2 protein chains.
Amino acid sequence: MLIKYDDAREMCISIFLGAGASPSEAEIVSDGLVESNLMGVDSHGMIRIPQYLGEVKSGAIVPGAPVEVIFQTPNSAIVDGNHNFGMVCAEHMVMTAIRKAESANIAVVSSRHCNHVGRLGAYTCVMAESGLFAFACANGGRHGHLVTPFGGLDGRLSTNPISYAAPTSSDPIVLDMSTSTIAEGKIRLMQQQGRKIPPMCAIDADGNETDDPSAFYGPPMGRILPLGGPFGYKGYGLSMMVEILGSALSGVGPKEEYEGDSYMNGFFILAISPAVFNASGTFVGHVDALKEYVLSSRPREGHGKVSMPGEPDFSVRADRMEKGIPIADGTWETIALAAESVGVDARRYG
Amino acid sequence: MLIKYDDAREMCISIFLGAGASPSEAEIVSDGLVESNLMGVDSHGMIRIPQYLGEVKSGAIVPGAPVEVIFQTPNSAIVDGNHNFGMVCAEHMVMTAIRKAESANIAVVSSRHCNHVGRLGAYTCVMAESGLFAFACANGGRHGHLVTPFGGLDGRLSTNPISYAAPTSSDPIVLDMSTSTIAEGKIRLMQQQGRKIPPMCAIDADGNETDDPSAFYGPPMGRILPLGGPFGYKGYGLSMMVEILGSALSGVGPKEEYEGDSYMNGFFILAISPAVFNASGTFVGHVDALKEYVLSSRPREGHGKVSMPGEPDFSVRADRMEKGIPIADGTWETIALAAESVGVDARRYG
């Protein structure tokens, strides 16, 4: 099925209001989910509604909990989400980072008790649209550690995504990538669709590389490899950087980090104004020139034209704004069921 | 042959003094090269002596040129290397970053007219040893653009390395990686040794993936792929970040960036004190705990024990400090010849 952007947003807002969120919380979470669908990142879109509602029910997410700055300097802040929606905490962090970067030229912001923040590119884009260079990364709780260190057999890391964005005179350049090869959710999808796992992505529980989703799931369950194949020390090294920035640097130790079973993100943001190098007047123009130069590469046979990081997602966005957001029937059923549990009739929108 | 650390250092200092460097410049460059050999990164070690001497001769490197801060704020600086040795410029940048990060908690430093800075991990390690989280990256001049954008046929990027380091109670955790799959120098080595290029690393001039160094070199010459194989948009995206940080953000446009034929690095450093999050007292302990947890993973069959990023290099260092630094005969001959050109008899040291 296809759902129109306006309908999707209205439906989501109704659902989160029904779950006890305030109007502004409901808007933030709905915009986060629907925007992910628009950008083609369906894994972080409305498919998460049942999960979030389940977490509200279990008490892992506490709508209305105060989101507070618990420590700050002129160029930094720690924001405590107090178990509110992760996106509500992240939104507060982004606004704080923009404000501080505008006065101090650089700002770093980290989180406490922050639930699932969703698609990192959403946050770096907002900062880039304020003229900043923005970087963000997020680590995750120990129960989600399916990614091995390079050469290892046991899961010790999450997918540990990183994102950055920089302004151009049109859409920002934006990278949003996991430091692992793939996410577990994608292997689940491959299993459902009878597809094979790409090479150098996954191992079974004995450590043998496998392209078979069933061998991956076992039981016992296999593990996901860090990005890079034979150069997997690179993906692993980047993943460790996410761990360090997401928790150790901001004073969060392993015990706090991995408390409980709820998925907690250690979310870290860095925002840099070009004013820090006296380059406010030239930054966008220079990124434009870089873009033009790189895009002047001919494509390889079998590939479409060369694009900027994030550019394909903006194309998907334009397309889905016009035609609507596709949702698989199975996903829609779980959304409708979740909606019903908070008194919303999803069929009104679909 | 094997050369002892002390001899190698003394020889290098004599050579660079002979080339017109001041005593402190000669020490900085010699330490940079010999330390790279110690850490096993021979591509950035004494093998570079002929190149550097050639650049001194051509005027691309100007020993004794003033290295100056040409713009600064409390948390930032632009350092102009004025075509001195890249390592001399980089050393100045690192000291500036440490000083500013100690007062402002965060600092960024970028370069102008900076020659080849060498192994990035050397710089991030020094900052980590001062208790900071350190990040560095470097882009390169257009004539060295052998790396394609993802899906592209033409070279538009250098190997664009990134590095970070964080302190532990023993050696720092340090990643130093190119955002491309491999460096051209390594393909050259594979050709000399009759070895094949690993999969998903290189294409010939027509864009066909090749494992044959001769097909890569052509002519016409092939290209190197960004890190990630089927996920090459990740390596490409990271490489674009290096471009943005290394030049656009600090006010350097493509024309300045790519001036002349000399290899110029756009070098960018970020240093963050844990004090920025009020975490000075806990940072090292938390990184230690993270390290212990990750190292508790069992190894996969066929792999050695799981190690921290950079740990294997520190093992090589200990070994080479004891036994000496191995240098291939051909490399030694080129070094001896270069040394002779500045009045130094390398045979005294080898």
# chains A, B, ... in the order shown; residues from 1 in each chain; ligands from 1
>>> select_by_dssp(residues="range 96-249 of chain A", states="alpha helix (DSSP H)", output="count of residues only")
48
>>> closest_atom_pairs(of="chain B", to="chain A", cutoff="6 Å", atoms="only C-alpha atoms", output="tab-separated table")
residue	atom	partner	partner_atom	distance
B:Gly151	CA	A:His303	CA	5.5
B:Gly152	CA	A:Pro299	CA	4.2
B:Leu153	CA	A:Arg300	CA	4.8
B:Asp154	CA	A:Ser297	CA	5.0
B:Arg156	CA	A:Val294	CA	5.5
B:Leu175	CA	A:Gly237	CA	5.7
B:Gly207	CA	A:Arg300	CA	5.7
B:Gly228	CA	A:Gly228	CA	5.2
B:Gly237	CA	A:Pro309	CA	5.6
B:Ala248	CA	A:His286	CA	5.2
B:Leu249	CA	A:Pro274	CA	5.5
B:Ser250	CA	A:Phe277	CA	5.1
B:Gly251	CA	A:Ala279	CA	4.8
B:Gly253	CA	A:His286	CA	5.2
B:Pro274	CA	A:Leu249	CA	5.5
B:Phe277	CA	A:Ser250	CA	5.1
B:Ala279	CA	A:Gly251	CA	4.8
B:Phe283	CA	A:Leu249	CA	5.6
B:His286	CA	A:Ala248	CA	5.2
B:Val287	CA	A:Ala248	CA	5.9
B:Val294	CA	A:Arg156	CA	5.5
B:Ser297	CA	A:Asp154	CA	4.9
B:Arg298	CA	A:Leu153	CA	5.3
B:Pro299	CA	A:Gly152	CA	4.2
B:Arg300	CA	A:Leu153	CA	4.8
B:His303	CA	A:Gly151	CA	5.5
B:Val306	CA	A:Gly152	CA	5.7
B:Pro309	CA	A:Gly237	CA	5.6
>>> select_by_dssp(residues="range 94-215 of chain B", states="strand (DSSP E)", output="list in words")
Ile106, Ala107, Val108, Val109, Ser110, Ser111, Arg112, Phe133, Ala134, Phe135, Ala136, Cys137, Ala138, Asn139, Gly140, Ile162, Ser163, Tyr164, Ala165, Ala166, Ile173, Val174, Leu175, Asp176, Met177, Ala202 and Ile203 of chain B
>>> residues_around(residues="Phe85 in chain B", least_positions_apart="5", cutoff="9 Å", atoms="only C-alpha atoms", output="JSON, numbers by chain")
{"B": [21, 25, 29, 52, 56, 61, 62, 63, 64, 65, 90, 114, 115, 116, 117]}
>>> write_last_selection(atoms="N, CA and C atoms", output="JSON list (two decimals), in the first residue's frame")
[["chain", "number", "residue", "atom", "x", "y", "z"],
["B", 21, "ALA", "N", 68.00, 21.61, 6.71],
["B", 21, "ALA", "CA", 67.04, 21.77, 7.80],
["B", 21, "ALA", "C", 67.76, 22.27, 9.05],
["B", 25, "GLU", "N", 64.13, 21.01, 13.06],
["B", 25, "GLU", "CA", 63.40, 20.48, 11.89],
["B", 25, "GLU", "C", 63.91, 19.08, 11.54],
["B", 29, "VAL", "N", 61.49, 15.67, 11.51],
["B", 29, "VAL", "CA", 61.30, 14.84, 10.31],
["B", 29, "VAL", "C", 61.88, 13.44, 10.53],
["B", 52, "TYR", "N", 61.69, 13.34, -0.15],
["B", 52, "TYR", "CA", 61.80, 14.61, 0.56],
["B", 52, "TYR", "C", 63.01, 15.41, 0.07],
["B", 56, "VAL", "N", 63.10, 19.04, -1.64],
["B", 56, "VAL", "CA", 63.93, 20.16, -1.19],
["B", 56, "VAL", "C", 64.66, 20.75, -2.40],
["B", 61, "ILE", "N", 59.78, 21.72, -1.02],
["B", 61, "ILE", "CA", 59.99, 21.80, 0.43],
["B", 61, "ILE", "C", 61.05, 22.86, 0.69],
["B", 62, "VAL", "N", 60.74, 23.78, 1.61],
["B", 62, "VAL", "CA", 61.66, 24.89, 1.92],
["B", 62, "VAL", "C", 62.08, 24.80, 3.38],
["B", 63, "PRO", "N", 63.20, 24.11, 3.66],
["B", 63, "PRO", "CA", 63.66, 24.02, 5.05],
["B", 63, "PRO", "C", 63.88, 25.42, 5.61],
["B", 64, "GLY", "N", 63.53, 25.58, 6.88],
["B", 64, "GLY", "CA", 63.74, 26.88, 7.52],
["B", 64, "GLY", "C", 62.64, 27.89, 7.29],
["B", 65, "ALA", "N", 61.69, 27.56, 6.40],
["B", 65, "ALA", "CA", 60.58, 28.51, 6.16],
["B", 65, "ALA", "C", 59.79, 28.67, 7.46],
["B", 90, "ALA", "N", 52.95, 20.04, 10.80],
["B", 90, "ALA", "CA", 52.02, 19.20, 11.56],
["B", 90, "ALA", "C", 52.36, 19.20, 13.05],
["B", 114, "CYS", "N", 51.00, 23.02, 3.40],
["B", 114, "CYS", "CA", 51.57, 21.97, 4.25],
["B", 114, "CYS", "C", 51.97, 20.80, 3.37],
["B", 115, "ASN", "N", 53.24, 20.46, 3.36],
["B", 115, "ASN", "CA", 53.70, 19.30, 2.59],
["B", 115, "ASN", "C", 53.28, 17.99, 3.27],
["B", 116, "HIS", "N", 53.74, 16.90, 2.73],
["B", 116, "HIS", "CA", 53.37, 15.56, 3.19],
["B", 116, "HIS", "C", 53.58, 15.40, 4.70],
["B", 117, "VAL", "N", 52.47, 15.14, 5.42],
["B", 117, "VAL", "CA", 52.58, 15.07, 6.89],
["B", 117, "VAL", "C", 52.95, 13.67, 7.37]]
>>> residues_around(residues="Glu333 in chain B", least_positions_apart="4", cutoff="12 Å", atoms="only C-alpha atoms", output="list of chain:residue names")
B:Met1, B:Met46, B:Ile47, B:Ile49, B:Pro50, B:Ile327, B:Ala328, B:Asp329, B:Leu337, B:Ala338, B:Ala339, B:Glu340, B:Asp345, B:Ala346, B:Arg347, B:Gly350
>>> write_last_selection(atoms="N, CA and C atoms", output="mmCIF file, in the first residue's frame")
data_model
loop_
_atom_site.group_PDB
_atom_site.id
_atom_site.type_symbol
_atom_site.label_atom_id
_atom_site.label_comp_id
_atom_site.auth_asym_id
_atom_site.auth_seq_id
_atom_site.Cartn_x
_atom_site.Cartn_y
_atom_site.Cartn_z
ATOM 1 N N MET B 1 68.503 -5.871 4.969
ATOM 2 C CA MET B 1 69.374 -5.450 6.067
ATOM 3 C C MET B 1 68.552 -4.940 7.259
ATOM 4 N N MET B 46 61.590 5.631 6.266
ATOM 5 C CA MET B 46 62.794 6.169 5.632
ATOM 6 C C MET B 46 62.771 6.058 4.111
ATOM 7 N N ILE B 47 61.874 5.205 3.598
ATOM 8 C CA ILE B 47 61.701 5.108 2.144
ATOM 9 C C ILE B 47 61.380 6.471 1.528
ATOM 10 N N ILE B 49 62.858 9.304 2.271
ATOM 11 C CA ILE B 49 64.004 10.229 2.273
ATOM 12 C C ILE B 49 64.323 10.754 0.860
ATOM 13 N N PRO B 50 64.447 9.855 -0.132
ATOM 14 C CA PRO B 50 64.740 10.369 -1.479
ATOM 15 C C PRO B 50 63.677 11.354 -1.968
ATOM 16 N N ILE B 327 65.115 -3.062 6.295
ATOM 17 C CA ILE B 327 64.986 -2.228 5.097
ATOM 18 C C ILE B 327 65.371 -3.075 3.888
ATOM 19 N N ALA B 328 64.514 -3.060 2.870
ATOM 20 C CA ALA B 328 64.806 -3.837 1.654
ATOM 21 C C ALA B 328 66.055 -3.275 0.982
ATOM 22 N N ASP B 329 66.831 -4.146 0.360
ATOM 23 C CA ASP B 329 68.099 -3.725 -0.251
ATOM 24 C C ASP B 329 67.905 -2.591 -1.262
ATOM 25 N N LEU B 337 72.001 6.657 -1.833
ATOM 26 C CA LEU B 337 72.276 7.577 -2.939
ATOM 27 C C LEU B 337 71.804 8.995 -2.592
ATOM 28 N N ALA B 338 70.596 9.066 -2.029
ATOM 29 C CA ALA B 338 70.062 10.376 -1.643
ATOM 30 C C ALA B 338 70.950 11.004 -0.568
ATOM 31 N N ALA B 339 71.390 10.186 0.379
ATOM 32 C CA ALA B 339 72.247 10.679 1.467
ATOM 33 C C ALA B 339 73.541 11.256 0.897
ATOM 34 N N GLU B 340 74.094 10.530 -0.055
ATOM 35 C CA GLU B 340 75.344 10.969 -0.670
ATOM 36 C C GLU B 340 75.199 12.371 -1.288
ATOM 37 N N ASP B 345 77.395 9.743 4.344
ATOM 38 C CA ASP B 345 77.729 8.379 3.963
ATOM 39 C C ASP B 345 76.849 7.410 4.753
ATOM 40 N N ALA B 346 75.804 6.919 4.111
ATOM 41 C CA ALA B 346 74.827 6.083 4.812
ATOM 42 C C ALA B 346 75.453 4.775 5.293
ATOM 43 N N ARG B 347 76.533 4.335 4.603
ATOM 44 C CA ARG B 347 77.129 3.045 4.984
ATOM 45 C C ARG B 347 77.675 3.079 6.406
ATOM 46 N N GLY B 350 74.517 1.659 8.295
ATOM 47 C CA GLY B 350 73.793 0.436 7.916
ATOM 48 C C GLY B 350 74.591 -0.830 8.190
#
>>> closest_residue(among="B:Ile335, B:Cys12, B:Cys89, B:Val242", to="Pro66 in chain B", atoms="only C-alpha atoms")
B:Cys89
>>> atom_distance(atom1="CA of Gly40 in chain B", atom2="CA of Arg119 in chain B")
11.0 Å
